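Asker: Just passing along the structure, written as structure tokens.
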Amino acid sequence: MENERVLILDAVKQVGKKVKLQGWVNTFRDHGKVSFIDLRDTSGVVQCVVVGNKEKITDESVVEIIGTVKERPKESVNKDLPTGGVEVEAESLKVLNLALELPIPVQGDGYDINEEMRLKYRYLDLRRERLQKIVKMRSKLVQAMREKLFEYDFLEIETPMLTKGTSEGARNFIVPSRLNPGKFYALPQSPQQYKQILMVAAMEKYFQVARCIRDEDLRSDRGFEFTQLDLEMSFVSQEDVMRVVEDVVKYAVKSVGANLKDEKFPVINYEDAMKEYGSDKFDLRTEKEKKENVLAFAWVVNFPFFKKVDKEDAAEVEEGRSGWVFTHNPFSQPHEEHLDWHLKGEHIPEIKAYQYDLVCNGLESGGGSIRAHDPKVLRATYEIMGYSEQDIEENIGHMLEAFSLGAPPHGGIALGIDRLIMILAGESSLKEGIAFPMTGAGKTSVMDAPSPVSKDLLKELGIKLVKESVDAVFQRVKSILDAAEVRYEVIEHKEVKTSEEAARVRGTSMDMAPKAMVMKKKSGGMVMVCVPADRKVNIKAVKDVVGEPVEMASPEEVEDKLGVKVGAVPPFGKVFGIEMYLDREFWKKDEVVFNAGRRDRSIKMKASDLIKAAEPNPASSEADFKK
RNA sequence: GGGGCGGUAGUUCAGCUGGAUAGAAUACUGCACUGUCACUGCAGUGGUCGCGGGUUCGAAUCCCGUCCGCCCCGCCA
């Protein structure tokens with residue numbers, strides 16, 4: 001028994017028993033002969049007493065403690081700690097992983113720490129109590145949604161992540177296809193079309209906890225990726241969908257302890273909402289309810305199907321070829337009594353759609369609609385927006401075809417999970433509810449994406465960059481140096497064009513600078529030859545070492561093939577995937593300085609480290625390429 | 001694409017109307033301590049003041065440029 005790890009929450013109930021605990025050092029208080037460790041695991045914190053400790057222990061280290069659970073002496077009971085009535089008297093202590101000095105504090109709520117630091121060290125940030133609670137709450141919420149949906153006989157079905165881009169709406173994130181060079185997949189903005197196709201596929205009730213991805217500029221509360229509870233049902237009315245969704249939402253939020261303002265969500269007309277609140281995203285809570293973090297859900301219904309294009313909005317002008325665009329979703333079904341207008345394209349501003357939004361505490365929490373399952377109706381929607389026959393075919397031809405082969409009436413909704421979690425946790429940023437969110441600049445947590453890819457990979461994908469970022473080659477050199485674990489110094493200076501100029505601004509001599517000359521081989525392909533910047537290259541000598549005739553590449557060819565200007569080519573053949581020869585001078589030198597992809601940056605390092613990192617052809621260590 | 005704000009010990013910040021050896025809290029290191037619980041006491045380490053250029057006898061402080069970050073508008077069916 002005592003060989004098995006016990007959670008703190010269970011251990012504290014076993015007074016008198018011997019237990020094995022494993023967890024993190026919350027705090028360590030050393031009193032010489034006796035010391036105290038507040039040990040933390042997923043279930044809680046408990047004080048462990050260690051007598052005669054010799055081990056080095058730091059905050060946030062991972063330790064194993066075997067000891068006996070004891071009632072604390074009356075005078076040392078800690079009322080502020082849930083487990084403060086007991087403590088574990090350690091008989092053995094093992095450090096499983098010693099933590100070094102922490103880059104960010106784990107104690108506290110973390111609000112005052114730089115977001116960039118929090119995300120870079122997200123694995124530390126997530127240890128804090130506040131985030132542990134949110135992550136657990138999110139898991140529980142989604143679990144409850146699943147439970148309820150399975151009760152209703154929904155099927156959980158996955159739809160592709162690599163799919164076809166939709167031309168309207170947000171910008172697509174695209175993924176190059178290696179097997180089809182020059183062609184691209186798009187990451188889904190939502191599973192909208194697939195889920196409707198699943199209805200045509202007779203799945204009747206579908207749901208998915210779906211990741212949606214949109215390449216639009218970021219905000220504090222908007223990342224590229226977000227998560228939706230996406231569902232769709234066949235043979236249903238608007239009221240049917242709303243009833244099921246309301247049940248699922250209520251069950252899920254209650255399972256994480258939320259209080260609802262209304263047991264039955266109010267249903268409000270779009271027009272009334274606009275009149276009453278000036279917005280279709282209104283907050284029904286009183287001041288008191290706001291303080292208590294009560295959830296005030298409401299439905300908004302009877303939205304107009306179309307709106308006039310905002311002339312100020314260039315994208316909408318382009319989009320709405322006729323001057324009309326849909327307000328929510330082009331796949332919606334118009335109200336029965338407006339169906340005739342819709343098919344004929346009359347009274348367009350008066351056409352209402354079976355669309356419903358779920359709002360919560362002033363935020364849009366979800367939106368859905370009964371869909372058009374008759375191809376005539378869907379086609380009419382696009383005709384109203386002014387799409388040509390050809391545009392329609394290109395955009396939704398596959399949907400029209402599917403709807404002509406036995407499509408049931410259907411409808412559904414998508415609920416934003418990130419936003420719901422944010423509201424439930426009482427947070428003001430979506431990122432607090434996401435385990436690994438992005439920074440505002442689109443950088444990923446912990447890992448440093450996006451990052452450049454090799455020329456080879458681009459070639460394989462059939463992609464040629466119109467203009468490589470000024471920094472790309474410089475960054476690639478840096479990552480080679482970092483990978484080789486060598487030290488180097490980056491010197492910033494004004495832009496230079498020649499080696500003489502470079503040597504002058506750096507205050508270094510020209511013979512310290514390996515000048516990278518790019519040459520073409522007779523058999524095709526290129527080689528790089530590095531000689532001191534104050535010397536010229538002896539083509540004959542190169543030919544002897546390479547073993548075939550070579551000639552100088554023109555500046556245009558260099559820039560075209562390597563993406564770097566002459567004069568800024570770094571002495572790193574492998575950055576460009578070409579063989580490199582280094583004149584024997586450099587195999588003896590102490591230090592080297594060179595431009596690396598940028599004319600305003602130089603890198604200074606040991607010559608031996610350059611050889612280690614750049615891996616020139618070993619045969620060149622004895623070669624003299626100078627003239 | 002446009003606008004606003006910021007960048008100083010590991011972290012959070014002060015200093016910024018030019019005149020230091022650049023501070024505080026916390027973290028970290030060492031010593032002392034058998035009852036603490038944010039332990040305490042003593043001693044200590046730690047800085048290219050984002051980077052580059054300029055003005056000046058003198059720049060963390062003023063000017064120009066640049067990079068990075070945060071927020072907002074546009075955009076997000």
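Each chain in the structure tokens gets a letter, A, B and so on, in the order shown; residues start at 1 in every chain, and ligands are counted from 1 in the order they appear.
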Compute the chain B side of the contact with chain A at 8 Å, counting only C-alpha atoms (C1' of nucleotides), and hand it back as a ChimeraX atom specification.

Answerer: /B:10-12,27-28,33-37,39,51-52,69-71,75-77

Asker: Determine which residues of segment 108-181 of chain A receive a DSSP assignment of strand (DSSP E), computed from the backbone, and state them as a list of chain:residue names.

Answerer: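 Matching residues for strand (DSSP E) in segment 108-181 of chain A are A:Leu155, A:Glu156, A:Ile174, A:Val175, A:Pro176.
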
Asker: For Lys604 of chain A, find every residue with an atom within 8 Å (counting only C-alpha atoms (C1' of nucleotides)), except residues of its own chain fewer than 2 positions away, and show them as an MDAnalysis selection string.

Answerer: chainID A and resid 488:491 591:594 602 606

Asker: Any chance you can output those residues with C-alpha atoms as a tab-separated table (two decimals), in the first residue's frame?

Answerer:
chain	number	residue	atom	x	y	z
A	488	TYR	CA	28.74	34.68	-30.97
A	489	GLU	CA	28.22	38.40	-30.85
A	490	VAL	CA	25.79	40.34	-33.01
A	491	ILE	CA	26.97	43.81	-34.01
A	591	GLU	CA	38.22	35.35	-34.65
A	592	VAL	CA	36.02	35.98	-37.67
A	593	VAL	CA	33.45	38.68	-38.45
A	594	PHE	CA	30.95	38.56	-41.26
A	602	SER	CA	27.51	41.49	-38.40
A	606	LYS	CA	35.67	32.28	-32.89

Asker: I'd like to know which residues of segment 365-491 of chain A are alpha helix (DSSP H) (by DSSP, run on the backbone); could you write them as a compact mmCIF listing (two decimals) with all heavy atoms, in the first residue's frame?

Answerer:
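Produced file part-v4.txt, reproduced below:
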# COMPACT_ATOMS: atom_id res chain seq x y z
N PRO A 375 -32.51 23.35 -52.80
CA PRO A 375 -31.47 24.04 -53.59
C PRO A 375 -31.98 25.33 -54.21
O PRO A 375 -31.22 26.27 -54.39
CB PRO A 375 -31.09 23.00 -54.66
CG PRO A 375 -32.13 21.93 -54.61
CD PRO A 375 -32.73 21.96 -53.26
N LYS A 376 -33.29 25.39 -54.50
CA LYS A 376 -33.85 26.61 -55.10
C LYS A 376 -33.70 27.80 -54.14
O LYS A 376 -33.40 28.91 -54.55
CB LYS A 376 -35.35 26.41 -55.41
CG LYS A 376 -35.62 25.59 -56.65
CD LYS A 376 -37.02 25.84 -57.21
CE LYS A 376 -38.14 25.55 -56.22
NZ LYS A 376 -38.33 24.10 -55.91
N VAL A 377 -33.92 27.52 -52.85
CA VAL A 377 -33.87 28.60 -51.86
C VAL A 377 -32.44 29.08 -51.68
O VAL A 377 -32.16 30.28 -51.66
CB VAL A 377 -34.46 28.12 -50.50
CG1 VAL A 377 -34.35 29.22 -49.45
CG2 VAL A 377 -35.91 27.68 -50.68
N LEU A 378 -31.50 28.14 -51.56
CA LEU A 378 -30.09 28.51 -51.38
C LEU A 378 -29.58 29.29 -52.59
O LEU A 378 -28.89 30.30 -52.47
CB LEU A 378 -29.25 27.25 -51.15
CG LEU A 378 -27.77 27.48 -50.89
CD1 LEU A 378 -27.55 28.41 -49.70
CD2 LEU A 378 -27.05 26.15 -50.66
N ARG A 379 -29.97 28.80 -53.75
CA ARG A 379 -29.57 29.49 -54.99
C ARG A 379 -30.12 30.91 -55.00
O ARG A 379 -29.41 31.87 -55.33
CB ARG A 379 -30.10 28.71 -56.20
CG ARG A 379 -29.69 29.26 -57.54
CD ARG A 379 -30.28 28.43 -58.67
NE ARG A 379 -29.67 27.11 -58.78
CZ ARG A 379 -28.54 26.86 -59.43
NH1 ARG A 379 -27.89 27.86 -60.01
NH2 ARG A 379 -28.04 25.65 -59.48
N ALA A 380 -31.37 31.07 -54.56
CA ALA A 380 -31.99 32.41 -54.54
C ALA A 380 -31.23 33.35 -53.62
O ALA A 380 -31.09 34.55 -53.92
CB ALA A 380 -33.45 32.28 -54.09
N THR A 381 -30.72 32.82 -52.50
CA THR A 381 -29.95 33.66 -51.56
C THR A 381 -28.75 34.27 -52.27
O THR A 381 -28.47 35.46 -52.15
CB THR A 381 -29.46 32.80 -50.37
OG1 THR A 381 -30.58 32.16 -49.77
CG2 THR A 381 -28.72 33.66 -49.35
N TYR A 382 -28.05 33.44 -53.02
CA TYR A 382 -26.86 33.93 -53.71
C TYR A 382 -27.22 34.84 -54.88
O TYR A 382 -26.47 35.77 -55.21
CB TYR A 382 -25.98 32.75 -54.16
CG TYR A 382 -25.13 32.23 -53.02
CD1 TYR A 382 -25.67 31.39 -52.05
CD2 TYR A 382 -23.81 32.64 -52.87
CE1 TYR A 382 -24.91 30.96 -50.98
CE2 TYR A 382 -23.03 32.21 -51.81
CZ TYR A 382 -23.59 31.36 -50.86
OH TYR A 382 -22.83 30.95 -49.80
N GLU A 383 -28.39 34.57 -55.47
CA GLU A 383 -28.84 35.46 -56.55
C GLU A 383 -29.16 36.84 -56.02
O GLU A 383 -28.83 37.85 -56.64
CB GLU A 383 -30.04 34.85 -57.28
CG GLU A 383 -29.61 33.75 -58.24
CD GLU A 383 -30.79 32.92 -58.77
OE1 GLU A 383 -31.93 33.14 -58.31
OE2 GLU A 383 -30.54 32.05 -59.64
N ILE A 384 -29.78 36.88 -54.85
CA ILE A 384 -30.09 38.18 -54.23
C ILE A 384 -28.80 38.96 -53.97
O ILE A 384 -28.75 40.17 -54.12
CB ILE A 384 -30.90 37.97 -52.93
CG1 ILE A 384 -32.34 37.54 -53.26
CG2 ILE A 384 -30.90 39.25 -52.07
CD1 ILE A 384 -33.16 37.13 -52.07
N GLU A 389 -24.19 32.97 -62.18
CA GLU A 389 -24.39 31.51 -62.23
C GLU A 389 -23.06 30.79 -61.97
O GLU A 389 -22.98 29.82 -61.23
CB GLU A 389 -24.97 31.13 -63.60
CG GLU A 389 -25.40 29.68 -63.74
CD GLU A 389 -26.35 29.25 -62.62
OE1 GLU A 389 -27.23 30.04 -62.22
OE2 GLU A 389 -26.19 28.11 -62.15
N GLN A 390 -22.00 31.33 -62.58
CA GLN A 390 -20.69 30.71 -62.45
C GLN A 390 -20.16 30.82 -61.01
O GLN A 390 -19.62 29.87 -60.46
CB GLN A 390 -19.72 31.39 -63.43
CG GLN A 390 -18.45 30.60 -63.63
CD GLN A 390 -17.41 31.41 -64.41
OE1 GLN A 390 -17.76 32.32 -65.16
NE2 GLN A 390 -16.15 31.09 -64.22
N ASP A 391 -20.33 32.02 -60.41
CA ASP A 391 -19.91 32.22 -59.02
C ASP A 391 -20.61 31.23 -58.10
O ASP A 391 -20.00 30.65 -57.20
CB ASP A 391 -20.28 33.64 -58.54
CG ASP A 391 -19.38 34.69 -59.16
OD1 ASP A 391 -18.33 34.31 -59.71
OD2 ASP A 391 -19.74 35.88 -59.10
N ILE A 392 -21.91 31.07 -58.32
CA ILE A 392 -22.70 30.18 -57.47
C ILE A 392 -22.16 28.76 -57.59
O ILE A 392 -21.94 28.09 -56.59
CB ILE A 392 -24.20 30.24 -57.86
CG1 ILE A 392 -24.77 31.62 -57.53
CG2 ILE A 392 -24.98 29.14 -57.17
CD1 ILE A 392 -26.21 31.83 -57.97
N GLU A 393 -21.94 28.35 -58.81
CA GLU A 393 -21.45 26.99 -59.04
C GLU A 393 -20.11 26.77 -58.34
O GLU A 393 -19.89 25.77 -57.66
CB GLU A 393 -21.32 26.76 -60.56
CG GLU A 393 -21.22 25.31 -60.98
CD GLU A 393 -22.29 24.44 -60.33
OE1 GLU A 393 -23.49 24.82 -60.29
OE2 GLU A 393 -21.91 23.35 -59.85
N GLU A 394 -19.21 27.75 -58.46
CA GLU A 394 -17.89 27.62 -57.85
C GLU A 394 -17.96 27.58 -56.33
O GLU A 394 -17.24 26.83 -55.68
CB GLU A 394 -17.01 28.82 -58.26
CG GLU A 394 -16.21 28.56 -59.52
CD GLU A 394 -15.51 29.83 -59.98
OE1 GLU A 394 -15.21 30.69 -59.13
OE2 GLU A 394 -15.30 29.95 -61.20
N ASN A 395 -18.83 28.42 -55.78
CA ASN A 395 -18.87 28.55 -54.32
C ASN A 395 -19.64 27.43 -53.63
O ASN A 395 -19.17 26.90 -52.63
CB ASN A 395 -19.49 29.90 -53.93
CG ASN A 395 -18.47 31.01 -53.99
OD1 ASN A 395 -17.68 31.16 -53.07
ND2 ASN A 395 -18.47 31.77 -55.07
N ILE A 396 -20.83 27.15 -54.13
CA ILE A 396 -21.69 26.22 -53.40
C ILE A 396 -22.29 25.16 -54.29
O ILE A 396 -23.29 24.54 -53.95
CB ILE A 396 -22.83 26.99 -52.67
CG1 ILE A 396 -23.52 27.94 -53.66
CG2 ILE A 396 -22.32 27.72 -51.45
CD1 ILE A 396 -24.93 28.27 -53.25
N GLY A 397 -21.65 24.93 -55.44
CA GLY A 397 -22.16 23.91 -56.37
C GLY A 397 -22.32 22.56 -55.69
O GLY A 397 -23.33 21.88 -55.88
N HIS A 398 -21.33 22.20 -54.84
CA HIS A 398 -21.38 20.90 -54.17
C HIS A 398 -22.54 20.84 -53.18
O HIS A 398 -23.14 19.78 -52.96
CB HIS A 398 -20.05 20.63 -53.45
CG HIS A 398 -19.65 21.74 -52.52
ND1 HIS A 398 -19.12 22.92 -52.97
CD2 HIS A 398 -19.72 21.83 -51.18
CE1 HIS A 398 -18.87 23.71 -51.93
NE2 HIS A 398 -19.23 23.07 -50.83
N MET A 399 -22.89 21.98 -52.57
CA MET A 399 -24.01 21.99 -51.63
C MET A 399 -25.33 21.84 -52.39
O MET A 399 -26.22 21.09 -51.98
CB MET A 399 -24.04 23.31 -50.83
CG MET A 399 -22.82 23.56 -49.97
SD MET A 399 -22.58 22.36 -48.66
CE MET A 399 -23.82 22.90 -47.47
N LEU A 400 -25.43 22.57 -53.51
CA LEU A 400 -26.66 22.50 -54.31
C LEU A 400 -26.87 21.07 -54.81
O LEU A 400 -27.99 20.56 -54.81
CB LEU A 400 -26.57 23.48 -55.49
CG LEU A 400 -26.54 24.96 -55.10
CD1 LEU A 400 -26.24 25.83 -56.32
CD2 LEU A 400 -27.87 25.37 -54.47
N GLU A 401 -25.77 20.44 -55.18
CA GLU A 401 -25.88 19.07 -55.67
C GLU A 401 -26.34 18.14 -54.54
O GLU A 401 -27.25 17.32 -54.71
CB GLU A 401 -24.54 18.60 -56.24
CG GLU A 401 -24.65 17.23 -56.89
CD GLU A 401 -23.37 16.79 -57.58
OE1 GLU A 401 -22.28 17.27 -57.16
OE2 GLU A 401 -23.45 15.96 -58.50
N ALA A 402 -25.71 18.29 -53.37
CA ALA A 402 -26.08 17.45 -52.22
C ALA A 402 -27.55 17.64 -51.87
O ALA A 402 -28.26 16.69 -51.55
CB ALA A 402 -25.19 17.78 -51.03
N ILE A 417 -17.06 28.25 -27.06
CA ILE A 417 -16.69 27.70 -25.76
C ILE A 417 -15.70 28.60 -25.02
O ILE A 417 -15.81 28.79 -23.81
CB ILE A 417 -16.14 26.27 -25.93
CG1 ILE A 417 -17.29 25.35 -26.33
CG2 ILE A 417 -15.47 25.78 -24.64
CD1 ILE A 417 -16.94 23.91 -26.44
N ASP A 418 -14.78 29.19 -25.76
CA ASP A 418 -13.79 30.05 -25.10
C ASP A 418 -14.46 31.20 -24.36
O ASP A 418 -14.10 31.53 -23.24
CB ASP A 418 -12.81 30.62 -26.14
CG ASP A 418 -12.16 29.52 -26.96
OD1 ASP A 418 -11.44 28.71 -26.37
OD2 ASP A 418 -12.39 29.48 -28.17
N ARG A 419 -15.42 31.80 -25.02
CA ARG A 419 -16.09 32.96 -24.43
C ARG A 419 -16.92 32.53 -23.22
O ARG A 419 -16.96 33.23 -22.21
CB ARG A 419 -16.98 33.62 -25.48
CG ARG A 419 -17.57 34.91 -25.02
CD ARG A 419 -17.97 35.78 -26.18
NE ARG A 419 -16.81 36.35 -26.82
CZ ARG A 419 -16.83 36.89 -28.05
NH1 ARG A 419 -17.93 36.86 -28.75
NH2 ARG A 419 -15.74 37.41 -28.55
N LEU A 420 -17.56 31.38 -23.34
CA LEU A 420 -18.37 30.89 -22.23
C LEU A 420 -17.50 30.62 -21.00
O LEU A 420 -17.85 30.99 -19.87
CB LEU A 420 -19.09 29.60 -22.66
CG LEU A 420 -20.25 29.11 -21.80
CD1 LEU A 420 -21.26 30.22 -21.57
CD2 LEU A 420 -20.92 27.91 -22.45
N ILE A 421 -16.35 30.03 -21.23
CA ILE A 421 -15.42 29.77 -20.13
C ILE A 421 -14.97 31.07 -19.49
O ILE A 421 -14.89 31.21 -18.27
CB ILE A 421 -14.17 28.99 -20.63
CG1 ILE A 421 -14.54 27.54 -20.89
CG2 ILE A 421 -13.01 29.07 -19.66
CD1 ILE A 421 -14.84 26.76 -19.64
N MET A 422 -14.68 32.05 -20.36
CA MET A 422 -14.24 33.35 -19.85
C MET A 422 -15.30 33.93 -18.91
O MET A 422 -14.98 34.39 -17.82
CB MET A 422 -13.99 34.29 -21.04
CG MET A 422 -13.59 35.68 -20.64
SD MET A 422 -13.35 36.74 -22.09
CE MET A 422 -14.98 37.44 -22.24
N ILE A 423 -16.56 33.86 -19.34
CA ILE A 423 -17.64 34.40 -18.52
C ILE A 423 -17.76 33.59 -17.22
O ILE A 423 -17.84 34.15 -16.13
CB ILE A 423 -18.98 34.36 -19.29
CG1 ILE A 423 -18.91 35.27 -20.51
CG2 ILE A 423 -20.12 34.77 -18.38
CD1 ILE A 423 -20.08 35.12 -21.47
N LEU A 424 -17.75 32.27 -17.35
CA LEU A 424 -17.92 31.41 -16.17
C LEU A 424 -16.81 31.62 -15.14
O LEU A 424 -17.04 31.58 -13.94
CB LEU A 424 -17.94 29.93 -16.59
CG LEU A 424 -19.22 29.46 -17.28
CD1 LEU A 424 -18.99 28.12 -17.97
CD2 LEU A 424 -20.36 29.37 -16.29
N ALA A 425 -15.59 31.84 -15.64
CA ALA A 425 -14.46 32.00 -14.73
C ALA A 425 -14.34 33.43 -14.23
O ALA A 425 -13.48 33.72 -13.40
CB ALA A 425 -13.17 31.57 -15.43
N LYS A 455 14.94 26.25 -47.44
CA LYS A 455 14.78 26.41 -48.89
C LYS A 455 14.35 25.10 -49.53
O LYS A 455 13.54 25.08 -50.45
CB LYS A 455 16.11 26.85 -49.50
CG LYS A 455 16.38 28.31 -49.34
CD LYS A 455 16.28 29.03 -50.68
CE LYS A 455 16.12 30.50 -50.41
NZ LYS A 455 15.64 31.28 -51.49
N ASP A 456 14.94 24.01 -49.03
CA ASP A 456 14.64 22.69 -49.59
C ASP A 456 13.16 22.36 -49.48
O ASP A 456 12.55 21.87 -50.41
CB ASP A 456 15.46 21.61 -48.88
CG ASP A 456 16.92 21.66 -49.26
OD1 ASP A 456 17.25 22.39 -50.23
OD2 ASP A 456 17.73 20.99 -48.61
N LEU A 457 12.62 22.63 -48.28
CA LEU A 457 11.22 22.32 -48.06
C LEU A 457 10.35 23.18 -48.98
O LEU A 457 9.40 22.69 -49.59
CB LEU A 457 10.85 22.54 -46.60
CG LEU A 457 9.40 22.25 -46.22
CD1 LEU A 457 8.99 20.85 -46.66
CD2 LEU A 457 9.20 22.41 -44.72
N LEU A 458 10.70 24.46 -49.07
CA LEU A 458 9.93 25.35 -49.95
C LEU A 458 9.95 24.82 -51.38
O LEU A 458 8.94 24.81 -52.07
CB LEU A 458 10.51 26.76 -49.92
CG LEU A 458 10.26 27.57 -48.65
CD1 LEU A 458 10.94 28.93 -48.75
CD2 LEU A 458 8.77 27.76 -48.41
N LYS A 459 11.12 24.34 -51.78
CA LYS A 459 11.28 23.84 -53.14
C LYS A 459 10.38 22.62 -53.35
O LYS A 459 9.70 22.49 -54.37
CB LYS A 459 12.74 23.46 -53.36
CG LYS A 459 13.13 23.37 -54.82
CD LYS A 459 14.62 23.20 -54.96
CE LYS A 459 14.97 22.81 -56.38
NZ LYS A 459 16.37 22.37 -56.50
N GLU A 460 10.38 21.75 -52.35
CA GLU A 460 9.57 20.54 -52.43
C GLU A 460 8.09 20.88 -52.54
O GLU A 460 7.30 20.19 -53.17
CB GLU A 460 9.83 19.68 -51.19
CG GLU A 460 9.45 18.24 -51.36
CD GLU A 460 9.92 17.40 -50.19
OE1 GLU A 460 10.24 17.95 -49.13
OE2 GLU A 460 9.93 16.18 -50.34
N LEU A 461 7.71 21.98 -51.86
CA LEU A 461 6.32 22.40 -51.87
C LEU A 461 5.98 23.21 -53.11
O LEU A 461 4.83 23.57 -53.33
CB LEU A 461 6.02 23.23 -50.63
CG LEU A 461 6.12 22.49 -49.30
CD1 LEU A 461 6.09 23.48 -48.16
CD2 LEU A 461 5.01 21.47 -49.17
N ALA A 472 15.24 36.75 -42.63
CA ALA A 472 15.12 35.29 -42.65
C ALA A 472 16.47 34.59 -42.64
O ALA A 472 16.68 33.66 -41.86
CB ALA A 472 14.31 34.86 -43.86
N VAL A 473 17.40 35.05 -43.49
CA VAL A 473 18.70 34.39 -43.57
C VAL A 473 19.46 34.60 -42.27
O VAL A 473 20.06 33.67 -41.72
CB VAL A 473 19.50 34.92 -44.78
CG1 VAL A 473 20.94 34.46 -44.71
CG2 VAL A 473 18.84 34.46 -46.07
N PHE A 474 19.38 35.83 -41.76
CA PHE A 474 20.03 36.15 -40.49
C PHE A 474 19.52 35.23 -39.39
O PHE A 474 20.29 34.67 -38.62
CB PHE A 474 19.72 37.61 -40.16
CG PHE A 474 20.32 38.10 -38.88
CD1 PHE A 474 21.69 38.30 -38.79
CD2 PHE A 474 19.53 38.37 -37.78
CE1 PHE A 474 22.26 38.76 -37.62
CE2 PHE A 474 20.09 38.83 -36.61
CZ PHE A 474 21.46 39.03 -36.53
N GLN A 475 18.21 35.04 -39.34
CA GLN A 475 17.62 34.17 -38.32
C GLN A 475 18.06 32.72 -38.51
O GLN A 475 18.30 32.00 -37.54
CB GLN A 475 16.09 34.24 -38.35
CG GLN A 475 15.51 35.58 -37.92
CD GLN A 475 15.89 35.96 -36.51
OE1 GLN A 475 16.27 35.13 -35.69
NE2 GLN A 475 15.83 37.25 -36.21
N ARG A 476 18.19 32.31 -39.76
CA ARG A 476 18.59 30.92 -40.01
C ARG A 476 20.04 30.70 -39.56
O ARG A 476 20.36 29.66 -38.99
CB ARG A 476 18.41 30.57 -41.48
CG ARG A 476 17.28 29.57 -41.67
CD ARG A 476 17.17 29.16 -43.11
NE ARG A 476 16.29 30.07 -43.82
CZ ARG A 476 16.33 30.27 -45.13
NH1 ARG A 476 17.22 29.66 -45.87
NH2 ARG A 476 15.48 31.08 -45.70
N VAL A 477 20.89 31.70 -39.82
CA VAL A 477 22.27 31.59 -39.35
C VAL A 477 22.29 31.50 -37.83
O VAL A 477 22.97 30.66 -37.24
CB VAL A 477 23.11 32.80 -39.84
CG1 VAL A 477 24.46 32.83 -39.15
CG2 VAL A 477 23.29 32.75 -41.34
N LYS A 478 21.49 32.37 -37.20
CA LYS A 478 21.45 32.34 -35.74
C LYS A 478 21.00 30.99 -35.21
O LYS A 478 21.55 30.48 -34.24
CB LYS A 478 20.54 33.45 -35.20
CG LYS A 478 21.26 34.77 -35.16
CD LYS A 478 20.79 35.82 -34.18
CE LYS A 478 19.47 35.72 -33.53
NZ LYS A 478 19.15 36.94 -32.77
N SER A 479 20.01 30.40 -35.86
CA SER A 479 19.52 29.13 -35.33
C SER A 479 20.55 28.02 -35.55
O SER A 479 20.65 27.10 -34.73
CB SER A 479 18.15 28.76 -35.88
OG SER A 479 18.16 28.75 -37.27
N ILE A 480 21.35 28.11 -36.63
CA ILE A 480 22.43 27.13 -36.82
C ILE A 480 23.46 27.28 -35.71
O ILE A 480 23.90 26.29 -35.11
CB ILE A 480 23.10 27.32 -38.20
CG1 ILE A 480 22.17 26.81 -39.30
CG2 ILE A 480 24.44 26.59 -38.25
CD1 ILE A 480 22.66 27.11 -40.71
N LEU A 481 23.78 28.53 -35.38
CA LEU A 481 24.76 28.77 -34.33
C LEU A 481 24.25 28.32 -32.97
O LEU A 481 24.97 27.72 -32.18
CB LEU A 481 25.12 30.27 -34.28
CG LEU A 481 25.84 30.81 -35.52
CD1 LEU A 481 26.05 32.30 -35.40
CD2 LEU A 481 27.16 30.10 -35.74
N ASP A 482 22.99 28.59 -32.72
CA ASP A 482 22.40 28.16 -31.45
C ASP A 482 22.38 26.65 -31.35
O ASP A 482 22.67 26.08 -30.31
CB ASP A 482 20.99 28.73 -31.29
CG ASP A 482 21.01 30.25 -31.10
OD1 ASP A 482 22.07 30.77 -30.70
OD2 ASP A 482 19.99 30.90 -31.38
N ALA A 483 22.04 26.01 -32.47
CA ALA A 483 21.97 24.54 -32.47
C ALA A 483 23.36 23.95 -32.24
O ALA A 483 23.50 22.91 -31.59
CB ALA A 483 21.40 24.04 -33.79

Asker: For Leu363 of chain A, please output as a PyMOL selection string all residues within 12 Å (counting only C-alpha atoms (C1' of nucleotides); exclusion window: fewer than 2 positions along the same chain).

Answerer: chain A and resi 221+279-284+295-299+357-361+365-367+415-416+418-420+422-423+428
